[in-house]
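protein_4.txt follows; it contains compact mmCIF, C-alpha atoms.
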```txt
# COMPACT_ATOMS: atom_id res chain seq x y z
CA MET A 10 0.00 0.00 0.00
CA PRO A 11 1.51 3.39 -0.96
CA PRO A 12 2.01 6.00 1.77
CA ARG A 13 -0.87 8.44 2.16
CA VAL A 14 0.97 11.78 1.99
CA GLN A 15 0.66 14.85 -0.19
CA LYS A 16 3.74 16.07 -2.05
CA GLU A 17 2.10 18.96 -3.89
CA TYR A 18 0.69 21.96 -2.04
CA LYS A 19 -3.04 22.52 -2.41
CA GLU A 20 -4.41 25.72 -0.95
CA CYS A 21 -6.65 25.14 2.04
CA ASP A 22 -10.37 25.85 2.00
CA GLN A 23 -10.92 29.57 2.59
CA HIS A 24 -14.31 30.07 4.30
CA GLU A 25 -13.26 32.59 6.97
CA LYS A 26 -12.27 36.25 6.85
CA ALA A 27 -8.69 35.48 7.89
CA TYR A 28 -6.35 33.42 5.72
CA GLN A 29 -6.50 29.77 6.76
CA SER A 30 -3.34 27.66 6.84
CA GLN A 31 -2.02 24.90 9.04
CA ASP A 32 0.36 26.08 11.77
CA ALA A 33 2.85 23.24 11.27
CA VAL A 34 3.25 23.72 7.49
CA PHE A 35 5.54 26.27 5.83
CA ILE A 36 3.84 27.17 2.54
CA ALA A 37 6.65 29.08 0.81
CA ARG A 38 9.29 26.34 0.83
CA LYS A 39 11.65 25.98 -2.09
CA ARG A 40 11.87 22.84 -4.15
CA ALA A 41 14.31 20.17 -3.03
CA ILE A 42 17.77 20.27 -4.57
CA GLY A 43 19.49 16.95 -5.13
CA GLY A 44 18.16 13.75 -3.63
CA LYS A 45 16.82 15.19 -0.39
CA LYS A 46 13.69 13.56 0.95
CA GLN A 47 10.78 16.01 1.01
CA LYS A 48 8.44 16.26 3.97
CA PRO A 49 4.71 15.94 3.32
CA ILE A 50 2.97 19.26 2.71
CA ARG A 51 0.01 18.54 5.04
CA PHE A 52 0.36 18.09 8.80
CA VAL A 53 -1.43 14.89 9.89
CA ARG A 54 -0.77 12.86 13.02
CA ASN A 55 -1.76 9.59 14.61
CA VAL A 56 -4.07 10.08 17.60
CA GLY A 57 -3.15 6.71 19.13
CA LEU A 58 -5.43 4.50 21.26
CA GLY A 59 -6.06 2.24 18.25
CA ILE A 60 -7.90 5.01 16.38
CA LYS A 61 -7.30 5.04 12.63
CA THR A 62 -6.70 8.40 10.93
CA PRO A 63 -9.48 8.96 8.37
CA GLU A 64 -8.53 9.20 4.69
CA THR A 65 -10.23 12.61 4.39
CA ALA A 66 -7.92 14.03 7.07
CA VAL A 67 -4.86 12.98 5.06
CA THR A 68 -6.02 13.93 1.57
CA GLY A 69 -8.44 16.76 2.42
CA ASN A 70 -7.61 20.46 2.34
CA TYR A 71 -9.54 21.77 5.33
CA VAL A 72 -8.00 23.69 8.24
CA ASP A 73 -9.30 22.99 11.74
CA LYS A 74 -7.10 23.76 14.74
CA LYS A 75 -9.45 21.76 17.02
CA CYS A 76 -9.23 18.58 14.91
CA PRO A 77 -7.38 15.73 16.68
CA PHE A 78 -5.83 14.56 13.38
CA THR A 79 -4.71 17.86 11.79
CA GLY A 80 -4.82 20.33 14.70
CA GLY A 81 -3.30 20.78 18.12
CA VAL A 82 -5.74 18.82 20.29
CA SER A 83 -4.76 15.60 22.05
CA ILE A 84 -7.23 12.89 23.03
CA ARG A 85 -6.91 11.73 26.64
CA GLY A 86 -9.30 10.47 29.29
CA ARG A 87 -12.62 8.90 28.42
CA ILE A 88 -13.67 7.34 25.12
CA LEU A 89 -17.46 7.19 24.65
CA LYS A 90 -19.84 5.92 21.99
CA GLY A 91 -23.20 7.53 21.33
CA LEU A 92 -25.95 8.53 18.94
CA VAL A 93 -25.89 11.87 17.09
CA ILE A 94 -29.11 13.75 17.81
CA SER A 95 -28.27 17.25 16.52
CA THR A 96 -25.96 18.68 13.86
CA LYS A 97 -27.38 22.21 13.81
CA MET A 98 -24.24 23.97 15.07
CA LYS A 99 -21.14 24.71 13.04
CA ARG A 100 -18.57 21.94 13.61
CA THR A 101 -20.29 20.90 16.86
CA ILE A 102 -22.70 18.01 17.34
CA ILE A 103 -24.82 16.75 20.23
CA VAL A 104 -24.31 13.08 21.14
CA ARG A 105 -26.78 11.13 23.29
CA LYS A 106 -25.00 8.79 25.69
CA ASP A 107 -27.31 6.10 27.13
CA TYR A 108 -26.39 4.18 30.26
CA LEU A 109 -27.90 2.10 33.07
CA HIS A 110 -27.92 3.32 36.69
CA TYR A 111 -28.20 0.76 39.49
CA ILE A 112 -30.77 1.34 42.26
CA SER A 113 -29.59 -0.72 45.22
CA LYS A 114 -32.90 -0.55 47.13
CA TYR A 115 -34.78 -2.32 44.33
CA ARG A 116 -31.76 -4.25 42.98
CA ARG A 117 -32.61 -3.09 39.49
CA TYR A 118 -31.30 -0.78 36.82
CA GLU A 119 -32.96 2.31 35.41
CA LYS A 120 -32.32 3.82 32.01
CA ARG A 121 -30.66 7.24 31.94
CA HIS A 122 -29.06 9.43 29.32
CA LYS A 123 -26.82 12.47 28.99
CA ASN A 124 -26.42 14.81 26.03
CA VAL A 125 -22.77 15.59 25.32
CA ALA A 126 -21.55 18.35 23.00
CA ALA A 127 -18.63 17.26 20.82
CA HIS A 128 -16.48 18.96 18.20
CA CYS A 129 -16.79 17.32 14.77
CA SER A 130 -13.94 18.01 12.37
CA PRO A 131 -14.62 18.31 8.61
CA ALA A 132 -12.92 14.91 8.17
CA PHE A 133 -16.27 13.33 9.12
CA THR A 134 -19.61 13.88 7.39
CA VAL A 135 -21.98 13.19 10.27
CA LYS A 136 -25.77 13.11 10.04
CA GLU A 137 -28.45 12.74 12.71
CA GLY A 138 -28.92 9.10 13.69
CA ASP A 139 -25.28 8.12 13.11
CA ILE A 140 -23.20 6.44 15.80
CA VAL A 141 -19.95 8.21 16.69
CA THR A 142 -17.04 7.49 18.99
CA ILE A 143 -15.92 10.57 20.92
CA GLY A 144 -12.75 11.07 22.91
CA GLN A 145 -12.17 13.47 25.79
CA CYS A 146 -9.83 16.40 25.21
CA ARG A 147 -9.07 19.77 26.75
CA PRO A 148 -11.99 22.25 26.97
CA LEU A 149 -12.58 23.63 23.47
CA SER A 150 -15.39 26.00 24.50
CA LYS A 151 -17.82 26.55 27.37
CA THR A 152 -19.61 23.21 26.86
CA VAL A 153 -17.40 21.20 24.46
CA ARG A 154 -14.90 18.78 26.02
CA PHE A 155 -15.07 15.92 23.52
CA ASN A 156 -13.92 15.38 19.93
CA VAL A 157 -15.24 12.95 17.30
CA VAL A 158 -12.60 10.29 16.53
CA ALA A 159 -14.63 7.66 14.63
CA HIS A 160 -17.91 7.55 12.73
CA GLU A 161 -20.34 4.77 11.78
CA ALA A 162 -23.20 5.51 9.38
CA ALA A 163 -26.77 4.96 10.57
CA VAL A 164 -27.95 1.40 9.97
CA ASN A 165 -31.70 1.88 10.43
CA ALA A 166 -32.76 5.51 10.49
CA GLY A 167 -36.37 4.56 11.30
CA THR A 168 -35.93 4.53 15.08
CA GLY A 169 -36.44 7.82 16.92
CA LYS A 170 -33.94 10.16 18.51
CA LYS A 171 -35.00 9.45 22.06
CA SER A 172 -34.99 5.65 21.93
CA PHE A 173 -32.67 3.97 24.41
CA ARG A 174 -29.70 2.14 22.84
CA MET A 175 -26.74 0.43 24.40
CA PHE A 176 -23.60 0.13 22.26
```

Could you show the structure in this file as structure tokens?
Amino acid sequence: MPPRVQKEYKECDQHEKAYQSQDAVFIARKRAIGGKKQKPIRFVRNVGLGIKTPETAVTGNYVDKKCPFTGGVSIRGRILKGLVISTKMKRTIIVRKDYLHYISKYRRYEKRHKNVAAHCSPAFTVKEGDIVTIGQCRPLSKTVRFNVVAHEAAVNAGTGKKSFRMF
């Protein structure tokens, strides 16, 4: 399998007022003289924890400083799996995390859920009803402390948002 790196520079997507470029990449480099090995033109890293870097992060041309694959955010702490219930915000999704809580008096479990806000990098095209794996990172905003690291497309979109699912 050939290495997944870019040798040619492609300008990054420009959707903001300020010029967007990756911090770790020097755009104005000169061409290599002689047989020197050239570094790849796009900064991509391995998150670790058995998480595979998506192909769109390697070959894409987006800039996101909060992306765990192309930005400066490290994944540490908890890894959760949940259902996407809202994608209305820009690069932020709401994930429903279902769990069982034990009631010792009745020796039974009750169903509970929490809604968790997570940053979704442009490497993933996430829709409502999809199942995502999110990893804990440093606080990215007032409510966002998680980042999407893996994505599974919805299998059966017929079930509702508020149905209880264990993964």

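Within the 9 Å cut-off around Lys106 in chain A, using only C-alpha atoms and omitting residues fewer than 6 positions from it on the same chain, the listed residues are Leu89, Lys90, Gly91, Leu92, Arg121, His122, Lys123, Asn124, Val125, Arg174 and Met175 of chain A.
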
Write a file of the just-selected residues containing C-alpha atoms, as a CSV table (one decimal), keeping the file's coordinate frame.
```csv
chain,number,residue,atom,x,y,z
A,89,LEU,CA,-17.5,7.2,24.6
A,90,LYS,CA,-19.8,5.9,22.0
A,91,GLY,CA,-23.2,7.5,21.3
A,92,LEU,CA,-26.0,8.5,18.9
A,121,ARG,CA,-30.7,7.2,31.9
A,122,HIS,CA,-29.1,9.4,29.3
A,123,LYS,CA,-26.8,12.5,29.0
A,124,ASN,CA,-26.4,14.8,26.0
A,125,VAL,CA,-22.8,15.6,25.3
A,174,ARG,CA,-29.7,2.1,22.8
A,175,MET,CA,-26.7,0.4,24.4
```

Between A:Ile140, A:Val82, A:Leu58, A:Ile50, which one has atoms that come closest to Val164 in chain A, using all atoms listed in the file? A:Ile140

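Our summary of the geometry notes that CA of Arg54 in chain A is positioned 28.8 Å from CA of Ile94 in chain A.
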
If you measure from CA of Pro148 in chain A to CA of Gly59 in chain A, what distance in Å do you get, rounded to one decimal? 22.6 Å

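Going from CA of Glu64 in chain A over to CA of Thr134 in chain A, you cover 12.3 Å.
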
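With all atoms listed in the file as the atoms that count, the minimum distance from Gly169 in chain A to the choices A:Ile60, A:Val67, A:Val72, A:Val93 is reached by A:Val93.
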
Show me the residues close to (-4.3, 14.7, 20.9) - anything with an atom within 9 Å, counting all atoms listed in the file - and format the list as a count of residues only. 14

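For the set A:Tyr115, A:Ile88, A:Cys129, A:Lys75, the residue with the smallest atom-to-atom gap to Arg100 in chain A is A:Cys129, counting all atoms listed in the file.
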
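Distances from A:Ala126, A:Val53, A:Val158, A:Ile143 to Lys74 in chain A were compared using all atoms listed in the file, and the smallest one belongs to A:Val53.
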
For Ile102 in chain A: contacts at 6 Å, only C-alpha atoms, fewer than 6 positions along chain excluded, given as a PyMOL selection string: chain A and resi 95-96+126-127

From the list A:Asn156, A:Thr79, A:Thr142, A:Asn165, which residue is nearest Ala66 in chain A when using all atoms listed in the file? A:Thr79
